[in-house]
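For reference, query-v3.txt is printed below; it contains compact mmCIF, C-alpha atoms.
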# COMPACT_ATOMS: atom_id res chain seq x y z
CA ILE G 23 51.63 35.45 -34.01
CA VAL G 24 51.91 39.03 -35.28
CA VAL G 25 48.83 40.95 -36.42
CA THR G 26 49.62 44.34 -37.97
CA SER G 27 46.09 45.41 -38.90
CA GLY G 28 42.50 44.25 -38.66
CA GLY G 29 42.81 42.77 -35.19
CA LEU G 30 42.51 39.16 -34.04
CA THR G 31 39.16 37.56 -33.21
CA VAL G 32 38.72 34.13 -31.60
CA THR G 33 35.07 33.04 -31.45
CA ALA G 34 35.57 29.52 -30.07
CA GLY G 35 38.25 26.97 -29.32
CA GLY G 36 40.81 29.43 -28.00
CA ILE G 37 44.35 30.05 -29.19
CA LYS G 38 47.68 28.81 -27.87
CA VAL G 39 50.96 30.51 -28.71
CA ASN G 40 54.30 29.54 -27.19
CA THR G 41 56.24 32.68 -28.17
CA GLY G 42 53.75 35.51 -27.59
CA ILE G 43 51.19 37.51 -29.57
CA THR G 44 51.64 41.00 -30.97
CA VAL G 45 48.61 42.94 -32.20
CA GLU G 46 49.56 46.33 -33.62
CA THR G 47 46.21 47.53 -34.96
CA GLY G 48 42.61 46.51 -34.43
CA GLY G 49 42.91 45.01 -30.94
CA LEU G 50 42.28 41.54 -29.58
CA HIS G 51 38.72 40.27 -29.09
CA VAL G 52 37.71 37.10 -27.24
CA THR G 53 33.95 36.54 -27.37
CA THR G 54 33.68 33.29 -25.39
CA GLY G 55 35.94 31.61 -22.87
CA GLY G 56 37.63 34.66 -21.32
CA GLY G 57 41.35 35.21 -21.07
CA VAL G 58 43.96 33.81 -18.71
CA VAL G 59 47.51 35.14 -18.37
CA THR G 60 49.93 32.84 -16.53
CA ASN G 61 53.49 34.00 -15.95
CA THR G 62 56.10 31.74 -14.35
CA ALA G 63 58.81 34.41 -14.44
CA ASN G 64 59.44 37.04 -11.78
CA ALA G 65 57.92 39.79 -13.90
CA VAL G 66 54.74 41.78 -14.46
CA SER G 67 51.96 39.37 -15.52
CA LEU G 68 49.64 41.90 -17.12
CA LYS G 69 50.35 45.50 -18.08
CA VAL G 70 47.89 47.99 -19.57
CA SER G 71 49.58 51.00 -21.16
CA ASN G 72 48.44 53.93 -23.28
CA THR G 73 51.17 55.94 -25.03
CA ASN G 74 48.94 58.78 -26.28
CA ASN G 75 50.22 62.01 -24.70
CA ALA G 76 46.75 63.60 -25.05
CA PHE G 77 45.00 60.62 -23.43
CA THR G 78 41.75 61.51 -21.59
CA ASN G 79 39.89 58.19 -21.63
CA ASP G 80 39.95 55.06 -19.40
CA ALA G 81 43.22 53.15 -19.09
CA LEU G 82 41.25 50.12 -17.85
CA LEU G 83 37.50 49.67 -18.20
CA VAL G 84 35.59 46.86 -16.45
CA GLN G 85 31.97 46.42 -17.56
CA THR G 86 29.00 44.09 -16.97
CA ASN G 87 25.56 43.93 -18.52
CA LYS G 88 24.13 43.11 -15.11
CA ALA G 89 22.73 45.97 -13.03
CA SER G 90 24.51 47.21 -9.92
CA GLY G 91 24.37 44.77 -7.01
CA ASN G 92 26.42 43.04 -4.32
CA THR G 93 26.02 39.52 -5.71
CA PHE G 94 29.11 39.83 -7.95
CA ASN G 95 32.51 41.51 -8.02
CA LEU G 96 33.94 43.89 -10.59
CA ILE G 97 37.48 43.27 -9.25
CA HIS G 98 38.70 40.44 -7.02
CA ALA G 99 42.32 39.99 -5.89
CA GLN G 100 43.50 36.73 -4.28
CA VAL G 101 46.74 35.26 -2.93
CA GLN G 102 47.87 31.62 -2.60
CA ALA G 103 45.90 30.79 -5.74
CA ALA G 104 47.88 27.58 -6.30
CA SER G 105 46.65 26.07 -3.01
CA SER G 106 43.74 27.64 -1.17
CA ALA G 107 42.97 31.02 -2.71
CA THR G 108 42.49 33.75 -0.12
CA SER G 109 40.68 37.00 -0.90
CA VAL G 110 42.55 40.21 -0.03
CA PHE G 111 40.75 42.88 -2.05
CA LYS G 112 37.38 43.28 -3.76
CA VAL G 113 35.31 45.87 -5.54
CA ASP G 114 31.78 44.50 -5.64
CA GLY G 115 29.04 45.27 -8.12
CA THR G 116 27.88 48.32 -6.18
CA GLY G 117 31.36 49.88 -6.19
CA ALA G 118 31.97 49.05 -2.52
CA VAL G 119 35.64 48.40 -1.71
CA ILE G 120 36.37 45.47 0.65
CA VAL G 121 39.91 45.18 2.03
CA SER G 122 40.71 41.99 3.95
CA ALA G 123 43.93 43.28 5.54
CA ALA G 124 43.67 43.33 9.35
CA THR G 125 46.60 45.70 9.96
CA ASP G 126 45.80 48.05 12.86
CA SER G 127 46.84 51.70 12.65
CA SER G 128 49.41 53.26 14.98
CA SER G 129 50.20 56.30 12.80
CA SER G 130 48.98 58.04 9.65
CA THR G 131 51.30 55.84 7.54
CA ILE G 132 50.27 52.46 8.97
CA GLY G 133 47.00 50.59 8.51
CA SER G 134 44.88 48.53 6.12
CA ILE G 135 44.12 51.60 3.96
CA ARG G 136 46.64 54.45 3.65
CA THR G 137 46.62 57.69 1.69
CA THR G 138 49.22 60.45 1.37
CA GLY G 139 46.43 62.95 0.72
CA GLY G 140 43.14 63.75 2.39
CA LEU G 141 40.07 61.57 2.89
CA GLY G 142 36.60 62.79 1.96
CA VAL G 143 33.56 60.99 3.39
CA LYS G 144 30.12 62.24 2.32
CA LEU G 145 28.08 60.11 4.72
CA LYS G 146 28.73 58.41 8.08
CA ALA G 147 32.07 57.01 9.20
CA ASN G 148 32.05 54.33 11.90
CA VAL G 149 35.38 53.67 13.64
CA GLY G 150 35.61 50.53 15.75
CA GLY G 151 38.75 51.60 17.65
CA ASN G 152 40.45 54.85 18.59
CA LEU G 153 40.39 57.92 16.35
CA ASN G 154 43.68 59.84 16.60
CA VAL G 155 43.80 63.23 14.90
CA ALA G 156 47.14 65.06 14.60
CA GLY G 157 45.55 68.23 13.22
CA SER G 158 42.39 70.19 13.98
CA THR G 159 38.98 68.54 14.34
CA ILE G 160 36.32 70.82 12.86
CA SER G 161 32.58 70.15 12.89
CA THR G 162 30.44 72.36 10.64
CA ASN G 163 27.29 71.03 12.31
CA THR G 164 25.47 73.96 13.95
CA ASP G 165 23.20 71.97 16.30
CA ASP G 166 23.09 73.57 19.73
CA SER G 167 23.25 71.42 22.87
CA THR G 168 20.29 71.09 25.23
CA THR G 169 21.39 67.91 27.03
CA SER G 170 24.52 65.78 27.36
CA LEU G 171 23.22 63.67 24.44
CA SER G 172 22.62 66.48 21.95
CA GLY G 173 24.82 68.91 20.05
CA ALA G 174 27.29 69.01 17.16
CA ILE G 175 29.68 66.68 19.02
CA THR G 176 28.48 64.14 21.59
CA THR G 177 30.22 61.40 23.59
CA LEU G 178 28.89 58.65 25.84
CA GLY G 179 32.11 58.77 27.87
CA GLY G 180 34.15 61.54 29.40
CA LEU G 181 35.96 64.39 27.70
CA GLY G 182 39.61 65.10 28.42
CA VAL G 183 41.09 68.43 27.33
CA LYS G 184 44.78 69.06 28.04
CA LEU G 185 44.82 72.74 27.09
CA LYS G 186 42.21 75.51 26.88
CA ALA G 187 38.51 75.00 26.14
CA ASN G 188 36.57 78.00 24.81
CA VAL G 189 32.78 77.77 25.01
CA GLY G 190 30.80 80.39 23.08
CA GLY G 191 27.50 79.73 24.87
CA ASN G 192 26.39 78.32 28.20
CA LEU G 193 28.30 75.57 30.01
CA ASN G 194 25.83 73.31 31.79
CA VAL G 195 27.34 70.78 34.19
CA ALA G 196 25.09 68.10 35.72
CA GLY G 197 27.82 66.80 38.00
CA VAL G 198 30.53 68.36 40.15
CA THR G 199 32.85 71.06 38.75
CA ILE G 200 36.38 70.65 40.13
CA SER G 201 39.33 72.95 39.52
CA THR G 202 42.78 71.66 40.56
CA ASN G 203 44.30 75.11 39.98
CA THR G 204 45.71 76.38 43.31
CA GLY G 205 45.96 80.05 42.33
CA ASP G 206 44.85 82.32 45.21
CA ALA G 207 42.69 85.39 44.60
CA ALA G 208 44.10 88.88 45.17
CA ASP G 209 41.16 90.66 43.55
CA SER G 210 38.05 89.94 41.46
CA THR G 211 40.08 89.13 38.33
CA THR G 212 42.49 86.57 39.79
CA GLY G 213 42.14 83.07 41.24
CA ALA G 214 41.49 79.50 40.18
CA ILE G 215 38.02 80.43 38.88
CA THR G 216 37.18 83.94 37.62
CA THR G 217 34.08 85.41 36.02
CA ALA G 218 33.49 88.76 34.32
CA GLY G 219 29.87 88.70 35.46
CA GLY G 220 28.04 87.73 38.57
CA ILE G 221 27.74 84.36 40.27
CA GLY G 222 24.50 82.80 41.47
CA VAL G 223 24.51 80.09 44.13
CA ALA G 224 21.28 78.37 45.11
CA LYS G 225 22.75 76.65 48.16
CA GLN G 226 25.67 76.93 50.56
CA VAL G 227 29.11 78.44 49.85
CA HIS G 228 32.16 77.40 51.88
CA VAL G 229 35.23 79.61 51.68
CA GLY G 230 38.49 78.22 53.11
CA THR G 231 40.07 81.60 53.92
CA GLY G 232 39.06 85.25 53.58
CA LEU G 233 36.04 86.56 51.69
CA THR G 234 36.37 90.10 50.27
CA VAL G 235 33.28 91.86 48.99
CA VAL G 236 33.69 95.13 47.07
CA ALA G 237 30.41 97.03 47.00
Let me see whether you can do it: turn the structure in this file into structure tokens.
Amino acid sequence: IVVTSGGLTVTAGGIKVNTGITVETGGLHVTTGGGVVTNTANAVSLKVSNTNNAFTNDALLVQTNKASGNTFNLIHAQVQAASSATSVFKVDGTGAVIVSAATDSSSSTIGSIRTTGGLGVKLKANVGGNLNVAGSTISTNTDDSTTSLSGAITTLGGLGVKLKANVGGNLNVAGVTISTNTGDAADSTTGAITTAGGIGVAKQVHVGTGLTVVA
């Protein structure tokens, strides 16, 4: 069937064509019954293309009259449809994206969801496993810390830092502070622990070797 103008409208009963349909002007409208494309060849089953070089519209538009909700899907992708269809990808009626792939991530190019660009998250992000960051981790939260459970960054476990740690305010330690640096002190500016100000000790101080006090 070739339609050169005016379009093709099927209101009921459907249409069956063994050698394809070409609609050049007016479009194809199916008001009842939907559309099914079945391709037995190793080729693209459905292609949507716009050849307008000044195109600024939607290449593919999916609409419903029903209000936003999670009781239906706007897009649903399945595999093994001929036997027991298995869902692999959904966009539900709220716009939420559900990916069924269980691929774990071992690098920035492996995982269930991958992007060659950045990732912007406006609200919370909950990560069930490890979070590995190859670049800088920057928090713009300005909350100060008053306990081990408050501040811009908090952790219920320990904190391991391989290189330097610069703290702009106070460093409050509820437990023991241990330095494994074995540097000896030759003056007030050298040693395993140095301070530009004074040091206050409420209890005992044990010094393994000499103690030099410069008045």
Let me have the centre and edge lengths in Å, one decimal, of the box along x, y and z around every listed atom of stretch 72-80 of chain G with 6 Å of margin on each side, as AutoDock Vina command-line options.
--center_x 45.5 --center_y 58.8 --center_z -22.8 --size_x 23.3 --size_y 21.7 --size_z 18.9
Excluding G:Leu50 and any residue of its chain fewer than 6 positions from it, enumerate the residues within 8 Å of it, using only C-alpha atoms, and give them as a PDB file with C-alpha atoms, in the frame of the given file.
ATOM      1  CA  GLY G  29      42.810  42.770 -35.190  1.00  0.00           C
ATOM      2  CA  LEU G  30      42.510  39.160 -34.040  1.00  0.00           C
ATOM      3  CA  THR G  31      39.160  37.560 -33.210  1.00  0.00           C
TER       4      THR G  31
END
| said: Show me, as a PyMOL selection string, the residues that have an atom within 12 Å of G:Lys69 when counting only C-alpha atoms, minus same-chain residues fewer than 5 positions from it. | reply: chain G and resi 59+81-82
Which residues of stretch 136-175 of chain G have any atom within 12 Å of an atom in stretch 187-202 of chain G when counting only C-alpha atoms, and what is the closest pair of atoms for each, with the distance in Å to one decimal? Order the rows by chain and rising number and write it as CSV.
residue,atom,partner,partner_atom,distance
G:Asp166,CA,G:Gly191,CA,9.2
G:Ser167,CA,G:Asn192,CA,9.3
G:Thr168,CA,G:Asn194,CA,8.9
G:Thr169,CA,G:Asn194,CA,8.5
G:Ser170,CA,G:Ala196,CA,8.7
| said: Just to confirm, what's the straight-line distance from atom CA of G:Thr162 to atom CA of G:Lys144 in Å (one decimal)? | reply: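 The value is 13.1 Å.
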| field | Coordinates-based distance that separates atom CA of G:Asn61 from atom CA of G:Val32 (Å, one decimal) | value | 21.5 Å
With the input short on atoms, add N, CA, C and O atoms back to stretch 156-175 of chain G and write it as a PDB file, in the frame of the given file.
ATOM      1  N   ALA G 156      45.951  64.244  14.338  1.00  0.00           N
ATOM      2  CA  ALA G 156      47.140  65.060  14.600  1.00  0.00           C
ATOM      3  C   ALA G 156      46.859  66.535  14.359  1.00  0.00           C
ATOM      4  O   ALA G 156      47.505  67.404  14.956  1.00  0.00           O
ATOM      5  N   GLY G 157      45.887  66.845  13.513  1.00  0.00           N
ATOM      6  CA  GLY G 157      45.550  68.230  13.220  1.00  0.00           C
ATOM      7  C   GLY G 157      44.283  68.666  13.931  1.00  0.00           C
ATOM      8  O   GLY G 157      43.899  68.098  14.959  1.00  0.00           O
ATOM      9  N   SER G 158      43.613  69.656  13.374  1.00  0.00           N
ATOM     10  CA  SER G 158      42.390  70.190  13.980  1.00  0.00           C
ATOM     11  C   SER G 158      41.182  69.314  13.638  1.00  0.00           C
ATOM     12  O   SER G 158      41.108  68.734  12.560  1.00  0.00           O
ATOM     13  N   THR G 159      40.255  69.215  14.575  1.00  0.00           N
ATOM     14  CA  THR G 159      38.980  68.540  14.340  1.00  0.00           C
ATOM     15  C   THR G 159      37.900  69.610  14.252  1.00  0.00           C
ATOM     16  O   THR G 159      37.652  70.329  15.226  1.00  0.00           O
ATOM     17  N   ILE G 160      37.286  69.737  13.101  1.00  0.00           N
ATOM     18  CA  ILE G 160      36.320  70.820  12.860  1.00  0.00           C
ATOM     19  C   ILE G 160      34.967  70.208  12.491  1.00  0.00           C
ATOM     20  O   ILE G 160      34.866  69.407  11.564  1.00  0.00           O
ATOM     21  N   SER G 161      33.942  70.579  13.219  1.00  0.00           N
ATOM     22  CA  SER G 161      32.580  70.150  12.890  1.00  0.00           C
ATOM     23  C   SER G 161      31.811  71.366  12.393  1.00  0.00           C
ATOM     24  O   SER G 161      31.737  72.394  13.077  1.00  0.00           O
ATOM     25  N   THR G 162      31.240  71.262  11.194  1.00  0.00           N
ATOM     26  CA  THR G 162      30.440  72.360  10.640  1.00  0.00           C
ATOM     27  C   THR G 162      28.967  72.229  11.020  1.00  0.00           C
ATOM     28  O   THR G 162      28.149  73.043  10.616  1.00  0.00           O
ATOM     29  N   ASN G 163      28.644  71.193  11.802  1.00  0.00           N
ATOM     30  CA  ASN G 163      27.290  71.030  12.310  1.00  0.00           C
ATOM     31  C   ASN G 163      26.979  72.168  13.277  1.00  0.00           C
ATOM     32  O   ASN G 163      27.769  72.480  14.159  1.00  0.00           O
ATOM     33  N   THR G 164      25.823  72.806  13.116  1.00  0.00           N
ATOM     34  CA  THR G 164      25.470  73.960  13.950  1.00  0.00           C
ATOM     35  C   THR G 164      24.431  73.631  15.024  1.00  0.00           C
ATOM     36  O   THR G 164      23.863  74.544  15.637  1.00  0.00           O
ATOM     37  N   ASP G 165      24.175  72.347  15.263  1.00  0.00           N
ATOM     38  CA  ASP G 165      23.200  71.970  16.300  1.00  0.00           C
ATOM     39  C   ASP G 165      23.661  72.442  17.672  1.00  0.00           C
ATOM     40  O   ASP G 165      24.787  72.181  18.091  1.00  0.00           O
ATOM     41  N   ASP G 166      22.796  73.152  18.374  1.00  0.00           N
ATOM     42  CA  ASP G 166      23.090  73.570  19.730  1.00  0.00           C
ATOM     43  C   ASP G 166      22.861  72.393  20.679  1.00  0.00           C
ATOM     44  O   ASP G 166      22.214  71.406  20.327  1.00  0.00           O
ATOM     45  N   SER G 167      23.384  72.487  21.887  1.00  0.00           N
ATOM     46  CA  SER G 167      23.250  71.420  22.870  1.00  0.00           C
ATOM     47  C   SER G 167      22.231  71.801  23.930  1.00  0.00           C
ATOM     48  O   SER G 167      22.285  72.886  24.510  1.00  0.00           O
ATOM     49  N   THR G 168      21.283  70.891  24.169  1.00  0.00           N
ATOM     50  CA  THR G 168      20.290  71.090  25.230  1.00  0.00           C
ATOM     51  C   THR G 168      20.435  70.061  26.335  1.00  0.00           C
ATOM     52  O   THR G 168      19.924  70.252  27.431  1.00  0.00           O
ATOM     53  N   THR G 169      21.114  68.944  26.033  1.00  0.00           N
ATOM     54  CA  THR G 169      21.390  67.910  27.030  1.00  0.00           C
ATOM     55  C   THR G 169      22.780  67.346  26.744  1.00  0.00           C
ATOM     56  O   THR G 169      23.424  67.723  25.762  1.00  0.00           O
ATOM     57  N   SER G 170      23.224  66.410  27.577  1.00  0.00           N
ATOM     58  CA  SER G 170      24.520  65.780  27.360  1.00  0.00           C
ATOM     59  C   SER G 170      24.512  64.832  26.165  1.00  0.00           C
ATOM     60  O   SER G 170      25.566  64.337  25.757  1.00  0.00           O
ATOM     61  N   LEU G 171      23.337  64.576  25.579  1.00  0.00           N
ATOM     62  CA  LEU G 171      23.220  63.670  24.440  1.00  0.00           C
ATOM     63  C   LEU G 171      22.897  64.399  23.140  1.00  0.00           C
ATOM     64  O   LEU G 171      22.613  63.757  22.130  1.00  0.00           O
ATOM     65  N   SER G 172      22.927  65.723  23.158  1.00  0.00           N
ATOM     66  CA  SER G 172      22.620  66.480  21.950  1.00  0.00           C
ATOM     67  C   SER G 172      23.705  67.515  21.694  1.00  0.00           C
ATOM     68  O   SER G 172      24.428  67.924  22.603  1.00  0.00           O
ATOM     69  N   GLY G 173      23.817  67.925  20.425  1.00  0.00           N
ATOM     70  CA  GLY G 173      24.820  68.910  20.050  1.00  0.00           C
ATOM     71  C   GLY G 173      25.586  68.469  18.822  1.00  0.00           C
ATOM     72  O   GLY G 173      25.371  67.384  18.278  1.00  0.00           O
ATOM     73  N   ALA G 174      26.506  69.312  18.354  1.00  0.00           N
ATOM     74  CA  ALA G 174      27.290  69.010  17.160  1.00  0.00           C
ATOM     75  C   ALA G 174      28.275  67.883  17.413  1.00  0.00           C
ATOM     76  O   ALA G 174      28.585  67.097  16.523  1.00  0.00           O
ATOM     77  N   ILE G 175      28.788  67.764  18.633  1.00  0.00           N
ATOM     78  CA  ILE G 175      29.680  66.680  19.020  1.00  0.00           C
ATOM     79  C   ILE G 175      29.177  66.097  20.332  1.00  0.00           C
ATOM     80  O   ILE G 175      29.003  66.829  21.311  1.00  0.00           O
TER      81      ILE G 175
END
